[in-house]
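Read the structure below first, then the notes.
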Amino acid sequence: MQLHIIDAGYFKLDGGAMFGVVPKTIWQKLVPADEKNLCTWAMRCLLVENGKQLILIDTGMGNKQDAKFFSYYEPTGDTLINSIEKAGFRAEEITDVLLTHLHFDHAGGAIKRAGEKLVPTFPNARYWSEKTHWQLATVRPNAREKASFLKENILPLQESAQLNFIENESPFEGIEILKVDGHTDKMILPLIHYKDRKILYCADLIPSSAHIPVPYVMGYDVRPLLTMQEKEQILPKALQENWILFFEHDAQIPACLLTQTEKGIRMGETIEVEKL
């Protein structure tokens, strides 16, 4: 198995929204904000080459929205496709796209514009979503999340006949499927078995190293108390078993180990995943 970090660029989100009830006087020491209270976040995807499949985990926000949409998020940096090509692959070679959840900054790059049409970015790939989560996004989105479930990111997948659902068993060799419900219903956390190590793709349960402390929970979460409970369950296990945490949104730190401190579980040694 080989892992390739795929940089889908950076974007900005309100710092207060990203840290919930944690005061700005505390979180700004970890992630500085600009004059508009916006912090810079990564859209860091992962390409897993397991010998049989070439699996892309998440896709960033893509580039098909209009200027007004992008003005809210100020995207910068590399693009999903360019980063995949830098890793030595073409879009046509991706066999599977695993979407941890369908919020726009995770699923937007799954679809592209081709003239007047919206088509899958990866024409030969099977796209994977969690069935209950898909129904939430398409049939009964709640008012809190509705603006993050953009139909142009989601419905073309169904229309293409490339959509598949993950329910219980993982369809990927070497990847376990964990599910959590605090951020959104049935968000997938891939747990990758890699060279006698386990790497947890944290998605939005722990979007950055600054979110490792249990109370550091995003204001975007639909069930923040449940997010805290899920972190309380996962972090001790990750510490005990020496898991590597892979951060999708940390602009500086792609991955780390954990360490026990007097204040609780915190970030330990940073890890360069591609050099393991």
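The chains in the structure tokens are called A, B, ... from first to last as shown; in each chain the residues are counted from 1, and the ligands are counted from 1 in the order shown.
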Just list as a PDB file with C-alpha atoms, in the first residue's frame whatever in region 28-264 of chain A DSSP marks as strand (DSSP E or B).
ATOM      1  CA  LEU A  38     -11.567  34.233   9.222  1.00  0.00           C
ATOM      2  CA  CYS A  39      -9.006  31.466   9.674  1.00  0.00           C
ATOM      3  CA  THR A  40      -7.249  29.559   6.896  1.00  0.00           C
ATOM      4  CA  TRP A  41      -7.950  25.840   6.621  1.00  0.00           C
ATOM      5  CA  ALA A  42      -6.667  23.102   4.347  1.00  0.00           C
ATOM      6  CA  MET A  43      -8.677  20.783   2.153  1.00  0.00           C
ATOM      7  CA  ARG A  44      -6.319  17.828   2.459  1.00  0.00           C
ATOM      8  CA  CYS A  45      -7.419  14.632   0.758  1.00  0.00           C
ATOM      9  CA  LEU A  46      -5.717  11.252   0.701  1.00  0.00           C
ATOM     10  CA  LEU A  47      -5.058   8.885  -2.193  1.00  0.00           C
ATOM     11  CA  VAL A  48      -4.679   5.241  -1.176  1.00  0.00           C
ATOM     12  CA  GLU A  49      -2.964   2.877  -3.589  1.00  0.00           C
ATOM     13  CA  LEU A  54      -6.767   3.643  -6.285  1.00  0.00           C
ATOM     14  CA  ILE A  55      -8.985   5.226  -3.652  1.00  0.00           C
ATOM     15  CA  LEU A  56      -9.430   8.972  -3.219  1.00  0.00           C
ATOM     16  CA  ILE A  57     -10.765  10.036   0.177  1.00  0.00           C
ATOM     17  CA  THR A  76      -6.336  29.633  -2.668  1.00  0.00           C
ATOM     18  CA  ASP A  96     -12.970   4.647  -6.056  1.00  0.00           C
ATOM     19  CA  VAL A  97     -13.922   7.938  -4.391  1.00  0.00           C
ATOM     20  CA  LEU A  98     -14.864   7.675  -0.724  1.00  0.00           C
ATOM     21  CA  ILE A 111     -18.398  16.782  -9.739  1.00  0.00           C
ATOM     22  CA  LYS A 112     -17.153  19.128 -12.456  1.00  0.00           C
ATOM     23  CA  ARG A 113     -18.678  21.209 -15.202  1.00  0.00           C
ATOM     24  CA  ALA A 114     -18.339  19.904 -18.754  1.00  0.00           C
ATOM     25  CA  LYS A 117     -23.430  19.586 -17.940  1.00  0.00           C
ATOM     26  CA  LEU A 118     -22.408  18.480 -14.466  1.00  0.00           C
ATOM     27  CA  VAL A 119     -20.501  15.200 -14.609  1.00  0.00           C
ATOM     28  CA  PRO A 120     -18.352  13.098 -12.252  1.00  0.00           C
ATOM     29  CA  ARG A 126     -17.179   4.104  -8.073  1.00  0.00           C
ATOM     30  CA  TYR A 127     -18.336   6.834  -5.711  1.00  0.00           C
ATOM     31  CA  TRP A 128     -19.097   5.781  -2.141  1.00  0.00           C
ATOM     32  CA  SER A 129     -21.373   7.479   0.382  1.00  0.00           C
ATOM     33  CA  GLU A 130     -23.064   6.250   3.543  1.00  0.00           C
ATOM     34  CA  LEU A 163     -22.987   5.949  -6.843  1.00  0.00           C
ATOM     35  CA  ASN A 164     -22.583   3.152  -4.300  1.00  0.00           C
ATOM     36  CA  PHE A 165     -23.493   2.981  -0.630  1.00  0.00           C
ATOM     37  CA  ILE A 166     -21.417   1.861   2.327  1.00  0.00           C
ATOM     38  CA  ILE A 175      -9.415   0.228   5.275  1.00  0.00           C
ATOM     39  CA  GLU A 176     -11.858  -0.114   8.166  1.00  0.00           C
ATOM     40  CA  ILE A 177     -14.986   2.029   8.198  1.00  0.00           C
ATOM     41  CA  LEU A 178     -15.841   3.871  11.403  1.00  0.00           C
ATOM     42  CA  LYS A 179     -18.986   6.001  11.639  1.00  0.00           C
ATOM     43  CA  VAL A 180     -19.793   8.936  13.902  1.00  0.00           C
ATOM     44  CA  MET A 187     -19.938  10.542   8.837  1.00  0.00           C
ATOM     45  CA  ILE A 188     -17.309   8.017   7.745  1.00  0.00           C
ATOM     46  CA  LEU A 189     -13.854   7.937   9.344  1.00  0.00           C
ATOM     47  CA  PRO A 190     -11.589   5.632   7.314  1.00  0.00           C
ATOM     48  CA  LEU A 191      -9.117   3.755   9.515  1.00  0.00           C
ATOM     49  CA  ILE A 192      -6.252   2.757   7.258  1.00  0.00           C
ATOM     50  CA  HIS A 193      -4.008  -0.202   8.074  1.00  0.00           C
ATOM     51  CA  TYR A 194      -0.631   0.864   6.738  1.00  0.00           C
ATOM     52  CA  ARG A 197       0.335   1.255  11.712  1.00  0.00           C
ATOM     53  CA  LYS A 198      -3.213   2.578  11.826  1.00  0.00           C
ATOM     54  CA  ILE A 199      -3.997   5.984  10.351  1.00  0.00           C
ATOM     55  CA  LEU A 200      -7.321   7.591  11.213  1.00  0.00           C
ATOM     56  CA  TYR A 201      -8.631   9.986   8.577  1.00  0.00           C
ATOM     57  CA  ILE A 244      -1.702   8.378  13.563  1.00  0.00           C
ATOM     58  CA  LEU A 245      -4.351  11.091  13.200  1.00  0.00           C
ATOM     59  CA  PHE A 246      -4.629  12.541   9.683  1.00  0.00           C
ATOM     60  CA  ALA A 255      -0.760  14.241  10.803  1.00  0.00           C
ATOM     61  CA  CYS A 256       0.397  13.480  14.318  1.00  0.00           C
ATOM     62  CA  LEU A 257       0.565  10.982  17.133  1.00  0.00           C
ATOM     63  CA  LEU A 258      -1.059  11.620  20.501  1.00  0.00           C
ATOM     64  CA  THR A 259       0.418  12.039  23.959  1.00  0.00           C
ATOM     65  CA  GLN A 260      -1.027  12.039  27.473  1.00  0.00           C
ATOM     66  CA  THR A 261      -0.572  15.264  29.446  1.00  0.00           C
ATOM     67  CA  GLY A 264      -5.614  15.360  28.875  1.00  0.00           C
TER      68      GLY A 264
END
Please provide the set of residues having any atom within 7 Å of Thr59 (chain A), restricted to only C-alpha atoms, with same-chain residues fewer than 4 positions apart removed, written as an mmCIF file with N, CA and C atoms, in the first residue's frame.
data_model
loop_
_atom_site.group_PDB
_atom_site.id
_atom_site.type_symbol
_atom_site.label_atom_id
_atom_site.label_comp_id
_atom_site.auth_asym_id
_atom_site.auth_seq_id
_atom_site.Cartn_x
_atom_site.Cartn_y
_atom_site.Cartn_z
ATOM 1 N N CYS A 45 -6.837 15.933 1.094
ATOM 2 C CA CYS A 45 -7.419 14.632 0.758
ATOM 3 C C CYS A 45 -6.316 13.573 0.814
ATOM 4 N N LEU A 80 -7.428 20.047 -6.858
ATOM 5 C CA LEU A 80 -7.504 18.605 -6.664
ATOM 6 C C LEU A 80 -6.833 17.851 -7.809
ATOM 7 N N HIS A 106 -16.046 18.887 1.249
ATOM 8 C CA HIS A 106 -15.574 17.503 1.183
ATOM 9 C C HIS A 106 -16.003 16.816 -0.111
ATOM 10 N N ALA A 107 -17.145 17.225 -0.641
ATOM 11 C CA ALA A 107 -17.710 16.544 -1.814
ATOM 12 C C ALA A 107 -17.730 17.403 -3.076
ATOM 13 N N GLY A 108 -17.397 18.693 -2.973
ATOM 14 C CA GLY A 108 -17.538 19.584 -4.118
ATOM 15 C C GLY A 108 -16.709 19.183 -5.324
ATOM 16 N N GLY A 109 -15.502 18.658 -5.087
ATOM 17 C CA GLY A 109 -14.641 18.274 -6.193
ATOM 18 C C GLY A 109 -15.033 16.976 -6.864
ATOM 19 N N ALA A 110 -16.048 16.309 -6.352
ATOM 20 C CA ALA A 110 -16.495 15.040 -6.938
ATOM 21 C C ALA A 110 -17.154 15.236 -8.291
#
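In this model, the gap between CA of Lys275 (chain A) and CA of Pro171 (chain A) comes to 26.0 Å.
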Go through region 61-83 of chain A and flag each residue having an atom no more than 10 Å from region 6-30 of chain A; for those, report the closest pair of atoms plus their distance in Å to one decimal, using only C-alpha atoms, ordered by chain and rising number, as a Markdown table.
| residue | atom | partner | partner_atom | distance |
| --- | --- | --- | --- | --- |
| A:Met61 | CA | A:Ala8 | CA | 7.9 |
| A:Gly62 | CA | A:Ala8 | CA | 8.0 |
| A:Phe70 | CA | A:Phe11 | CA | 9.0 |
| A:Ser71 | CA | A:Lys12 | CA | 9.8 |
| A:Tyr72 | CA | A:Lys12 | CA | 7.9 |
| A:Tyr73 | CA | A:Lys12 | CA | 4.9 |
| A:Glu74 | CA | A:Phe11 | CA | 5.6 |
| A:Pro75 | CA | A:Phe11 | CA | 4.3 |
| A:Thr76 | CA | A:Tyr10 | CA | 5.2 |
| A:Gly77 | CA | A:Gly9 | CA | 4.4 |
| A:Asp78 | CA | A:Gly9 | CA | 4.7 |
| A:Thr79 | CA | A:Ala8 | CA | 4.7 |
| A:Leu80 | CA | A:Ala8 | CA | 4.3 |
| A:Ile81 | CA | A:Ala8 | CA | 8.0 |
| A:Asn82 | CA | A:Ala8 | CA | 8.5 |
| A:Ser83 | CA | A:Ile6 | CA | 5.5 |
Exercise. So, counting only C-alpha atoms, which residue among A:Lys146, A:Arg266, A:Gly51, A:Lys64 is closest to Phe172 (chain A)?
Worked result: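 With only C-alpha atoms as the atom set, the closest residue is A:Gly51.
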Problem set entry | Which of A:Met228, A:Leu136, A:Cys202, A:Ala87 sits closest to Thr100 (chain A) [using only C-alpha atoms] |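 Answer, going by the shortest atom-to-atom distance: A:Cys202.
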Exercise. Quick one: of A:Pro123, A:Gly268, A:Gly115, A:Pro213, who's nearest to Leu239 (chain A), counting only C-alpha atoms?
Worked result: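 Between A:Pro123, A:Gly268, A:Gly115, A:Pro213, the residue approaching Leu239 (chain A) most closely is A:Gly268.
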Exercise. If you count only C-alpha atoms, which residues fall within 10 Å of region 222-225 of chain A, apart from same-chain ones fewer than 4 positions away, as a PyMOL selection string?
Worked result: chain A and resi 20+142+144-145+181-185+214-218+229-231
For this session: Give me the residues within 8 Å of Pro207 (chain A) as a list in words, counting only C-alpha atoms and dropping any in the same chain fewer than 6 places off.
Result: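 Listed by chain and then number, they are Phe247, Glu248, His249 and Asp250 of chain A.
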Seminar exercise, completed: Here CA of Phe149 (chain A) and CA of His133 (chain A) stand apart by 10.9 Å
